[in-house]
Each structure stands twice: as C-alpha cells, then as structure tokens.
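**Q** Next up, final.cif (mmCIF, C-alpha atoms).
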```cif
data_input
#
loop_
_atom_site.group_PDB
_atom_site.id
_atom_site.type_symbol
_atom_site.label_atom_id
_atom_site.label_comp_id
_atom_site.auth_asym_id
_atom_site.auth_seq_id
_atom_site.Cartn_x
_atom_site.Cartn_y
_atom_site.Cartn_z
ATOM 1 C CA MET A 1 0.000 0.000 0.000
ATOM 2 C CA ALA A 2 1.386 3.399 -1.028
ATOM 3 C CA SER A 3 2.404 5.747 1.751
ATOM 4 C CA HIS A 4 0.915 9.172 2.291
ATOM 5 C CA GLU A 5 4.026 10.802 0.791
ATOM 6 C CA GLU A 6 3.904 8.611 -2.293
ATOM 7 C CA VAL A 7 0.206 9.367 -2.867
ATOM 8 C CA LEU A 8 0.868 13.094 -2.633
ATOM 9 C CA GLN A 9 3.940 12.941 -4.869
ATOM 10 C CA GLU A 10 2.016 11.137 -7.552
ATOM 11 C CA GLU A 11 -0.871 13.621 -7.336
ATOM 12 C CA PHE A 12 1.509 16.597 -7.404
ATOM 13 C CA GLU A 13 3.103 15.338 -10.625
ATOM 14 C CA VAL A 14 -0.303 15.082 -12.274
ATOM 15 C CA LEU A 15 -1.342 18.514 -11.056
ATOM 16 C CA GLU A 16 1.909 20.128 -12.257
ATOM 17 C CA SER A 17 1.302 18.734 -15.722
ATOM 18 C CA ILE A 18 -2.248 20.124 -15.777
ATOM 19 C CA TYR A 19 -1.481 23.477 -14.098
ATOM 20 C CA PRO A 20 2.159 24.210 -14.974
ATOM 21 C CA ASP A 21 1.842 27.972 -14.429
ATOM 22 C CA GLU A 22 -0.963 28.028 -11.884
ATOM 23 C CA LEU A 23 0.330 25.552 -9.274
ATOM 24 C CA GLU A 24 2.923 26.351 -6.633
ATOM 25 C CA ARG A 25 4.162 23.860 -4.053
ATOM 26 C CA ILE A 26 4.397 25.510 -0.654
ATOM 27 C CA SER A 27 5.633 22.467 1.280
ATOM 28 C CA ASP A 28 5.667 18.693 1.088
ATOM 29 C CA ASN A 29 1.989 18.607 2.074
ATOM 30 C CA SER A 30 0.524 21.841 0.748
ATOM 31 C CA VAL A 31 0.050 23.681 -2.567
ATOM 32 C CA GLN A 32 -1.651 26.791 -3.845
ATOM 33 C CA ILE A 33 -3.292 27.056 -7.247
ATOM 34 C CA THR A 34 -4.349 30.187 -9.126
ATOM 35 C CA VAL A 35 -7.882 29.784 -10.448
ATOM 36 C CA VAL A 36 -9.789 31.918 -12.973
ATOM 37 C CA PRO A 37 -13.151 31.301 -14.686
ATOM 38 C CA GLU A 38 -13.150 29.916 -18.220
ATOM 39 C CA SER A 39 -14.625 33.155 -19.610
ATOM 40 C CA THR A 40 -14.187 36.664 -18.284
ATOM 41 C CA VAL A 41 -16.551 39.641 -18.328
ATOM 42 C CA ALA A 42 -15.275 43.214 -18.469
ATOM 43 C CA GLY A 43 -15.697 44.841 -15.097
ATOM 44 C CA GLU A 44 -16.255 41.504 -13.348
ATOM 45 C CA GLU A 45 -12.762 40.007 -13.371
ATOM 46 C CA VAL A 46 -12.240 37.496 -10.569
ATOM 47 C CA GLN A 47 -9.016 35.625 -9.872
ATOM 48 C CA LEU A 48 -8.586 33.476 -6.780
ATOM 49 C CA ARG A 49 -5.845 31.506 -5.103
ATOM 50 C CA LEU A 50 -6.861 28.115 -3.701
ATOM 51 C CA HIS A 51 -4.818 26.935 -0.719
ATOM 52 C CA VAL A 52 -4.784 23.162 -0.183
ATOM 53 C CA GLU A 53 -3.230 21.517 2.855
ATOM 54 C CA TYR A 54 -3.220 17.714 2.956
ATOM 55 C CA PRO A 55 -3.637 15.974 6.340
ATOM 56 C CA PRO A 56 -1.615 12.798 7.173
ATOM 57 C CA ASP A 57 -4.561 10.474 6.434
ATOM 58 C CA TYR A 58 -5.307 12.018 2.991
ATOM 59 C CA PRO A 59 -6.974 10.801 0.702
ATOM 60 C CA ASP A 60 -9.134 9.058 3.280
ATOM 61 C CA THR A 61 -10.067 12.529 4.566
ATOM 62 C CA ILE A 62 -10.544 15.784 2.701
ATOM 63 C CA PRO A 63 -7.816 18.444 2.604
ATOM 64 C CA VAL A 64 -8.007 21.763 4.430
ATOM 65 C CA LEU A 65 -9.164 24.394 1.937
ATOM 66 C CA SER A 66 -9.008 28.185 1.972
ATOM 67 C CA LEU A 67 -9.314 30.989 -0.574
ATOM 68 C CA SER A 68 -7.637 34.332 -1.117
ATOM 69 C CA THR A 69 -8.342 36.978 -3.713
ATOM 70 C CA ILE A 70 -5.821 37.975 -6.373
ATOM 71 C CA GLU A 71 -8.128 40.122 -8.493
ATOM 72 C CA GLY A 72 -11.650 41.286 -7.876
ATOM 73 C CA GLU A 73 -13.593 40.729 -4.678
ATOM 74 C CA LEU A 74 -15.651 38.077 -2.963
ATOM 75 C CA THR A 75 -18.339 38.767 -0.418
ATOM 76 C CA ASP A 76 -18.239 36.757 2.801
ATOM 77 C CA GLU A 77 -21.352 34.916 1.659
ATOM 78 C CA GLU A 78 -19.828 34.063 -1.729
ATOM 79 C CA GLU A 79 -16.628 32.774 -0.119
ATOM 80 C CA SER A 80 -18.544 30.670 2.384
ATOM 81 C CA THR A 81 -20.701 29.189 -0.396
ATOM 82 C CA LEU A 82 -17.652 28.370 -2.511
ATOM 83 C CA LEU A 83 -15.803 26.575 0.296
ATOM 84 C CA SER A 84 -18.903 24.604 1.246
ATOM 85 C CA THR A 85 -19.335 23.474 -2.366
ATOM 86 C CA LEU A 86 -15.655 22.494 -2.660
ATOM 87 C CA ARG A 87 -15.792 20.427 0.539
ATOM 88 C CA ASN A 88 -18.843 18.577 -0.749
ATOM 89 C CA VAL A 89 -16.981 17.725 -3.958
ATOM 90 C CA ALA A 90 -13.973 16.514 -1.953
ATOM 91 C CA ASN A 91 -16.182 14.304 0.209
ATOM 92 C CA GLU A 92 -17.518 12.646 -2.941
ATOM 93 C CA SER A 93 -13.936 11.625 -3.823
ATOM 94 C CA ILE A 94 -12.837 10.203 -0.484
ATOM 95 C CA GLY A 95 -10.162 7.498 -1.007
ATOM 96 C CA MET A 96 -9.024 9.041 -4.328
ATOM 97 C CA ALA A 97 -7.071 12.053 -5.508
ATOM 98 C CA GLN A 98 -9.360 15.013 -4.859
ATOM 99 C CA THR A 99 -7.498 18.158 -5.914
ATOM 100 C CA PHE A 100 -8.324 18.118 -9.645
ATOM 101 C CA ALA A 101 -12.066 17.698 -8.926
ATOM 102 C CA ILE A 102 -11.881 20.534 -6.365
ATOM 103 C CA VAL A 103 -10.150 22.911 -8.800
ATOM 104 C CA SER A 104 -12.547 22.043 -11.649
ATOM 105 C CA GLN A 105 -15.509 22.778 -9.402
ATOM 106 C CA LEU A 106 -13.951 26.068 -8.312
ATOM 107 C CA VAL A 107 -13.546 27.172 -11.959
ATOM 108 C CA ASP A 108 -17.233 26.459 -12.618
ATOM 109 C CA SER A 109 -18.382 28.108 -9.387
ATOM 110 C CA ILE A 110 -16.447 31.327 -10.057
ATOM 111 C CA GLY A 111 -18.041 31.455 -13.518
ATOM 112 C CA SER A 112 -21.489 31.085 -11.916
ATOM 113 C CA ILE A 113 -20.778 33.926 -9.495
ATOM 114 C CA VAL A 114 -19.707 36.192 -12.364
ATOM 115 C CA ASP A 115 -22.845 35.263 -14.347
ATOM 116 C CA GLN A 116 -25.050 36.036 -11.329
ATOM 117 C CA ARG A 117 -23.380 39.425 -10.903
ATOM 118 C CA VAL A 118 -23.871 40.274 -14.574
ATOM 119 C CA ARG A 119 -27.551 39.267 -14.465
ATOM 120 C CA ARG A 120 -28.081 41.209 -11.243
ATOM 121 C CA LYS A 121 -26.504 44.340 -12.745
ATOM 122 C CA GLN A 122 -28.616 43.946 -15.873
ATOM 123 C CA THR A 123 -31.769 43.575 -13.793
ATOM 124 C CA GLU A 124 -30.855 46.635 -11.722
ATOM 125 C CA LYS A 125 -30.178 48.626 -14.897
ATOM 126 C CA GLU A 126 -33.493 47.599 -16.431
ATOM 127 C CA GLU A 127 -35.319 48.542 -13.224
ATOM 128 C CA LYS A 128 -33.521 51.888 -13.107
ATOM 129 C CA ASP A 129 -34.399 52.565 -16.761
ATOM 130 C CA ARG A 130 -38.029 51.633 -16.082
ATOM 131 C CA LEU A 131 -38.285 53.978 -13.120
ATOM 132 C CA GLU A 132 -36.643 56.807 -15.085
ATOM 133 C CA SER A 133 -39.036 56.247 -17.996
ATOM 134 C CA GLU A 134 -42.041 56.283 -15.668
ATOM 135 C CA ALA A 135 -40.775 59.458 -13.996
ATOM 136 C CA GLU A 136 -40.255 61.157 -17.371
ATOM 137 C CA LEU A 137 -43.699 60.074 -18.562
ATOM 138 C CA LYS A 138 -45.244 61.354 -15.348
ATOM 139 C CA ARG A 139 -43.383 64.652 -15.749
ATOM 140 C CA ILE A 140 -44.670 65.049 -19.316
ATOM 141 C CA GLN A 141 -48.232 63.997 -18.589
ATOM 142 C CA GLY A 142 -48.446 65.689 -15.210
ATOM 143 C CA THR A 143 -50.294 64.400 -12.188
ATOM 144 C CA PRO A 144 -53.995 63.664 -12.834
ATOM 145 C CA VAL A 145 -56.151 66.206 -11.017
ATOM 146 C CA THR A 146 -59.028 64.938 -8.917
ATOM 147 C CA PRO A 147 -61.438 67.003 -6.800
ATOM 148 C CA ASP A 148 -59.607 65.914 -3.659
ATOM 149 C CA SER A 149 -56.130 66.706 -5.001
ATOM 150 C CA PHE A 150 -57.325 70.076 -6.308
ATOM 151 C CA ASN A 151 -58.882 70.987 -2.955
ATOM 152 C CA GLN A 152 -55.690 70.020 -1.172
ATOM 153 C CA TRP A 153 -53.644 72.156 -3.554
ATOM 154 C CA ARG A 154 -56.052 75.090 -3.227
ATOM 155 C CA ASN A 155 -55.994 74.940 0.573
ATOM 156 C CA LYS A 156 -52.194 74.924 0.611
ATOM 157 C CA PHE A 157 -52.079 77.740 -1.941
ATOM 158 C CA ASN A 158 -54.546 79.875 0.041
ATOM 159 C CA THR A 159 -52.629 79.242 3.249
ATOM 160 C CA ARG A 160 -49.362 80.377 1.653
ATOM 161 C CA LYS A 161 -51.125 83.357 0.076
ATOM 162 C CA ARG A 162 -52.607 84.480 3.400
ATOM 163 C CA ALA A 163 -49.249 84.104 5.135
ATOM 164 C CA LEU A 164 -47.548 86.150 2.418
ATOM 165 C CA LYS A 165 -50.215 88.893 2.588
ATOM 166 C CA ALA A 166 -49.968 89.039 6.377
ATOM 167 C CA SER A 167 -46.208 89.428 6.104
ATOM 168 C CA GLN A 168 -46.557 92.149 3.472
ATOM 169 C CA ASP A 169 -49.231 93.986 5.503
ATOM 170 C CA GLU A 170 -47.062 93.879 8.591
ATOM 171 C CA GLU A 171 -44.158 95.310 6.627
ATOM 172 C CA ARG A 172 -46.335 98.150 5.269
ATOM 173 C CA MET A 173 -47.706 99.050 8.721
ATOM 174 C CA LYS A 174 -44.336 99.319 10.430
ATOM 175 C CA GLY A 175 -44.150 103.104 10.107
ATOM 176 C CA MET A 176 -47.879 103.771 10.697
ATOM 177 C CA SER A 177 -49.545 105.150 13.780
ATOM 178 C CA GLN A 178 -52.102 103.028 15.615
ATOM 179 C CA LYS A 179 -54.974 104.938 13.991
ATOM 180 C CA GLU A 180 -53.452 104.462 10.538
ATOM 181 C CA ARG A 181 -52.906 100.795 11.254
ATOM 182 C CA ASP A 182 -56.541 100.333 12.294
ATOM 183 C CA GLU A 183 -57.757 102.119 9.178
ATOM 184 C CA TYR A 184 -55.432 100.067 6.982
ATOM 185 C CA LYS A 185 -56.693 96.830 8.492
ATOM 186 C CA LYS A 186 -60.283 97.960 8.016
ATOM 187 C CA VAL A 187 -59.707 98.680 4.326
ATOM 188 C CA ALA A 188 -57.715 95.507 3.806
ATOM 189 C CA SER A 189 -60.449 93.386 5.351
ATOM 190 C CA ARG A 190 -63.069 94.460 2.833
ATOM 191 C CA LEU A 191 -64.085 91.733 0.422
ATOM 192 C CA THR A 192 -63.268 92.139 -3.236
ATOM 193 C CA GLY A 193 -65.916 91.777 -5.928
ATOM 194 C CA ARG A 194 -64.614 88.306 -6.733
ATOM 195 C CA GLN A 195 -64.800 87.283 -3.077
ATOM 196 C CA LEU A 196 -68.353 88.597 -2.848
ATOM 197 C CA PHE A 197 -69.288 86.655 -5.960
ATOM 198 C CA GLU A 198 -67.690 83.448 -4.634
ATOM 199 C CA GLN A 199 -69.586 83.836 -1.366
ATOM 200 C CA ASN A 200 -72.948 84.382 -3.155
ATOM 201 C CA LYS A 201 -73.019 83.148 -6.732
ATOM 202 C CA HIS A 202 -76.630 84.336 -7.020
ATOM 203 C CA LEU A 203 -75.425 87.942 -7.144
ATOM 204 C CA ALA A 204 -75.084 87.626 -10.901
ATOM 205 C CA ASN A 205 -78.839 87.328 -11.133
ATOM 206 C CA SER A 206 -79.700 89.649 -8.250
ATOM 207 C CA ASP A 207 -80.409 92.649 -10.515
ATOM 208 C CA ALA A 208 -83.417 90.844 -11.914
ATOM 209 C CA SER A 209 -84.931 90.676 -8.426
ATOM 210 C CA LEU A 210 -84.920 94.493 -8.242
ATOM 211 C CA LEU A 211 -87.522 94.766 -11.033
ATOM 212 C CA GLU A 212 -91.086 94.971 -9.788
ATOM 213 C CA GLU A 213 -93.520 92.418 -10.954
ATOM 214 C CA GLY A 214 -95.576 93.638 -13.944
ATOM 215 C CA ALA A 215 -93.060 96.409 -14.854
ATOM 216 C CA GLU A 216 -93.019 97.229 -18.566
ATOM 217 C CA SER A 217 -89.959 96.289 -20.509
ATOM 218 C CA VAL A 218 -88.205 99.001 -22.499
ATOM 219 C CA ASP A 219 -87.649 98.582 -26.238
ATOM 220 C CA ILE A 220 -84.491 100.554 -26.976
ATOM 221 C CA SER A 221 -85.158 100.318 -30.713
ATOM 222 C CA GLN A 222 -87.974 102.847 -30.196
ATOM 223 C CA TYR A 223 -85.433 105.429 -29.027
ATOM 224 C CA ASP A 224 -83.199 104.707 -32.009
ATOM 225 C CA ARG A 225 -86.105 105.300 -34.436
ATOM 226 C CA GLN A 226 -87.145 108.583 -32.798
ATOM 227 C CA GLU A 227 -83.564 109.822 -32.915
ATOM 228 C CA ARG A 228 -83.352 109.080 -36.663
ATOM 229 C CA GLU A 229 -86.649 110.990 -37.320
ATOM 230 C CA VAL A 230 -85.328 114.095 -35.517
ATOM 231 C CA GLU A 231 -82.186 114.023 -37.612
ATOM 232 C CA GLU A 232 -84.169 113.722 -40.857
ATOM 233 C CA ASP A 233 -86.382 116.745 -39.894
ATOM 234 C CA LYS A 234 -83.312 118.859 -39.246
ATOM 235 C CA ALA A 235 -81.906 117.908 -42.652
ATOM 236 C CA GLU A 236 -85.136 118.948 -44.432
ATOM 237 C CA GLU A 237 -85.208 122.340 -42.671
ATOM 238 C CA HIS A 238 -81.643 122.949 -43.808
ATOM 239 C CA ILE A 239 -82.644 122.228 -47.383
ATOM 240 C CA HIS A 240 -85.594 124.723 -47.252
ATOM 241 C CA PHE A 241 -83.348 127.497 -45.923
ATOM 242 C CA SER A 242 -80.847 126.862 -48.696
ATOM 243 C CA ASP A 243 -83.596 127.219 -51.387
ATOM 244 C CA SER A 244 -84.824 130.525 -49.994
ATOM 245 C CA ASP A 245 -81.384 131.989 -50.485
#
```
Would you mind giving the structure from this file in structure tokens?
**A**
Amino acid sequence: MASHEEVLQEEFEVLESIYPDELERISDNSVQITVVPESTVAGEEVQLRLHVEYPPDYPDTIPVLSLSTIEGELTDEEESTLLSTLRNVANESIGMAQTFAIVSQLVDSIGSIVDQRVRRKQTEKEEKDRLESEAELKRIQGTPVTPDSFNQWRNKFNTRKRALKASQDEERMKGMSQKERDEYKKVASRLTGRQLFEQNKHLANSDASLLEEGAESVDISQYDRQEREVEEDKAEEHIHFSDSD
C-alpha cells in the first residue's frame, strides 16, 4: 500500500502537468493554485488563489481548503458558499485524488458567481431605466387632477397666500400710527368683488330681483327710431333754408 508521501507525490506530478503555471508547491503537504473562470466579463474580473493543505490520512479525509483573492472581490457569503461546495466535492472523492475535482468545481463556481453578478446588474439597470421612464412620462403627462387633489392644492395655496399677505401687511404698517394701522386693516379686510361673488353666486342674477312684478320692458329700438326721425327733420329744414337763399 502506497504511503501518504507517495500518494501526494504522484498527485503533485499530475497537477503540475495540468497546471504548470498556476500551481505552486508551498511544502511537502501543501500547494496553492491560481484559479480563474473559463470566460471573463469586463468589469467583473475574478481571480482566486486556492490553498490546499493535505492531512496525514489524505486521501481518506478531505484536505483543508481556503481561498484568497488575487483580483476582484468576494463577499463573505460568496466565499462561504464556494468553500462549502468544494468540501462537498472533496467528500464525494474520499479514497481518491481530490485536488483536480476541487479545482474544476472552483472554476465552474467562479463562472457562476460572475454570471449572477452580470444578471443582477442587468436587472438593476433595467429597473432603473423603467423607473426613469415612468418618472419622465409622469413629468410630461403631469399628475392627474381629482377634486380631492385640487382641494388640497387650493388649501395649501390659500394658506401660503394668506401668510404672504400678512407678512406684506405687517411690513407696510411698520411706520404707521395706531390709527393708521386700524384704518389700513379695516380697508384691507373688505371683500373684493370676486370674493363677494364666490360667497354668493346668485349675485349675478340679483339685478333681476330688483324689477317689480308687472313692470313694462323698455324697447331701446324705439329710441333709435325717434332719434333718426329728428335728424331727418333737421336735414329737411336745412334744405328749405338753402332754397330761400
């Protein structure tokens, strides 16, 4: 039966032939291997270093695994998930050389992480574009006005208007005597014609109520006709005077 050292030496020779540039022997029972995904994506480059330490009873137990980052970043959750996956793969190869299977799985797992990042960024971009489009459409179309929203706006507008007028009135009255201030307030408190109309919309028809029942209506065309007859008489008199001359 081959010794632990012989098993490792044989596995190291195989690994060095597969990963001539990526593998580095740290000691008689440990190596580190540089691992990159099969395909790279601009802006999502990830390069890791896999540390493998082989216990005395390897390959009947799994090696001690750890990761370090050469390029890019891993979140704590991503690193934990990767190591858990690699240990599961190693457990499936108990009694055999495990390193090649571990490295192959790591290559695939890094590629999956990069793909997930790309999809997540694409989804975030699409959501951002959607929200921007909705905001632009809302800006162009404006906010639909309902009776409630209009009343809310009007109340806020009137409140701001009253506050502004009060401030302006106070500024105007600064140099006034008390009597002048009282008179100014009295004048300022009078309702405008518009305010009177808004308080009683029947004022527009109130003039009609002033007419007595049965009063005769006036035909203004009668006055126009009488005025024309007077003018014609004057013209005829002028003609008679001219003939007498």
**Q** What's the 7 Å shell around A:Gly72, counting all atoms listed in the file, without same-chain residues fewer than 3 positions away, as an NGL selection string?
**A** :A and (45-47 or 69)
**Q** Pick from A:Thr159, A:Ser189, A:Gln168, A:Gln116: nearest to A:Val41, with only C-alpha atoms counted?
**A**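 Among A:Thr159, A:Ser189, A:Gln168, A:Gln116, it is A:Gln116 that comes nearest to A:Val41.
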**Q** Calculate how many Å separate atom CA of A:Gln32 from atom CA of A:Val118, rounding to one decimal.
**A**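 Separating atom CA of A:Gln32 from atom CA of A:Val118 is a distance of 28.1 Å.
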**Q** By how many Å are atom CA of A:Glu53 and atom CA of A:Arg25 apart?
**A**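 Pair atom CA of A:Glu53 / atom CA of A:Arg25 returns 10.4 Å.
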**Q** Quick one: distance from atom CA of A:Leu82 to atom CA of A:Gly111 in Å, one decimal?
**A**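 Taking atom CA of A:Leu82 as the start and atom CA of A:Gly111 as the end point, the length is 11.4 Å.
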**Q** Apply the PyMOL selection byres ((chain A and resi 104) around 12) to the file shown and report the selected residues as a compact mmCIF listing (two decimals) with C-alpha atoms, keeping the file's coordinate frame.
**A**
```txt
# COMPACT_ATOMS: atom_id res chain seq x y z
CA LEU A 15 -1.34 18.51 -11.06
CA ILE A 18 -2.25 20.12 -15.78
CA TYR A 19 -1.48 23.48 -14.10
CA ILE A 33 -3.29 27.06 -7.25
CA THR A 34 -4.35 30.19 -9.13
CA VAL A 35 -7.88 29.78 -10.45
CA VAL A 36 -9.79 31.92 -12.97
CA PRO A 37 -13.15 31.30 -14.69
CA GLU A 38 -13.15 29.92 -18.22
CA LEU A 50 -6.86 28.12 -3.70
CA THR A 85 -19.34 23.47 -2.37
CA LEU A 86 -15.66 22.49 -2.66
CA VAL A 89 -16.98 17.73 -3.96
CA ALA A 90 -13.97 16.51 -1.95
CA GLN A 98 -9.36 15.01 -4.86
CA THR A 99 -7.50 18.16 -5.91
CA PHE A 100 -8.32 18.12 -9.64
CA ALA A 101 -12.07 17.70 -8.93
CA ILE A 102 -11.88 20.53 -6.36
CA VAL A 103 -10.15 22.91 -8.80
CA GLN A 105 -15.51 22.78 -9.40
CA LEU A 106 -13.95 26.07 -8.31
CA VAL A 107 -13.55 27.17 -11.96
CA ASP A 108 -17.23 26.46 -12.62
CA SER A 109 -18.38 28.11 -9.39
CA ILE A 110 -16.45 31.33 -10.06
CA GLY A 111 -18.04 31.46 -13.52
```
**Q** Using all atoms listed in the file, which of A:Ser84, A:Thr146, A:Ser112, A:Gln178 sits nearest A:Ser39?
**A**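 Of all the options, A:Ser112 lies closest to A:Ser39.
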**Q** So that I can see what lies close to A:Asp60, please list as a list in words the residues with an atom at most 12 Å from it, counting only C-alpha atoms and leaving out residues fewer than 5 positions away in the same chain.
**A**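 Result of the neighbour search: His4, Val7, Tyr54, Pro55, Ala90, Asn91, Glu92, Ser93, Ile94, Gly95, Met96, Ala97 and Gln98 of chain A.
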**Q** Nearest to A:Asp57 among A:Glu5, A:Glu24, A:Glu73, A:Glu78, with distances taken over only C-alpha atoms: which residue is it?
**A**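 The shortest atom-to-atom distance to A:Asp57 comes from A:Glu5.
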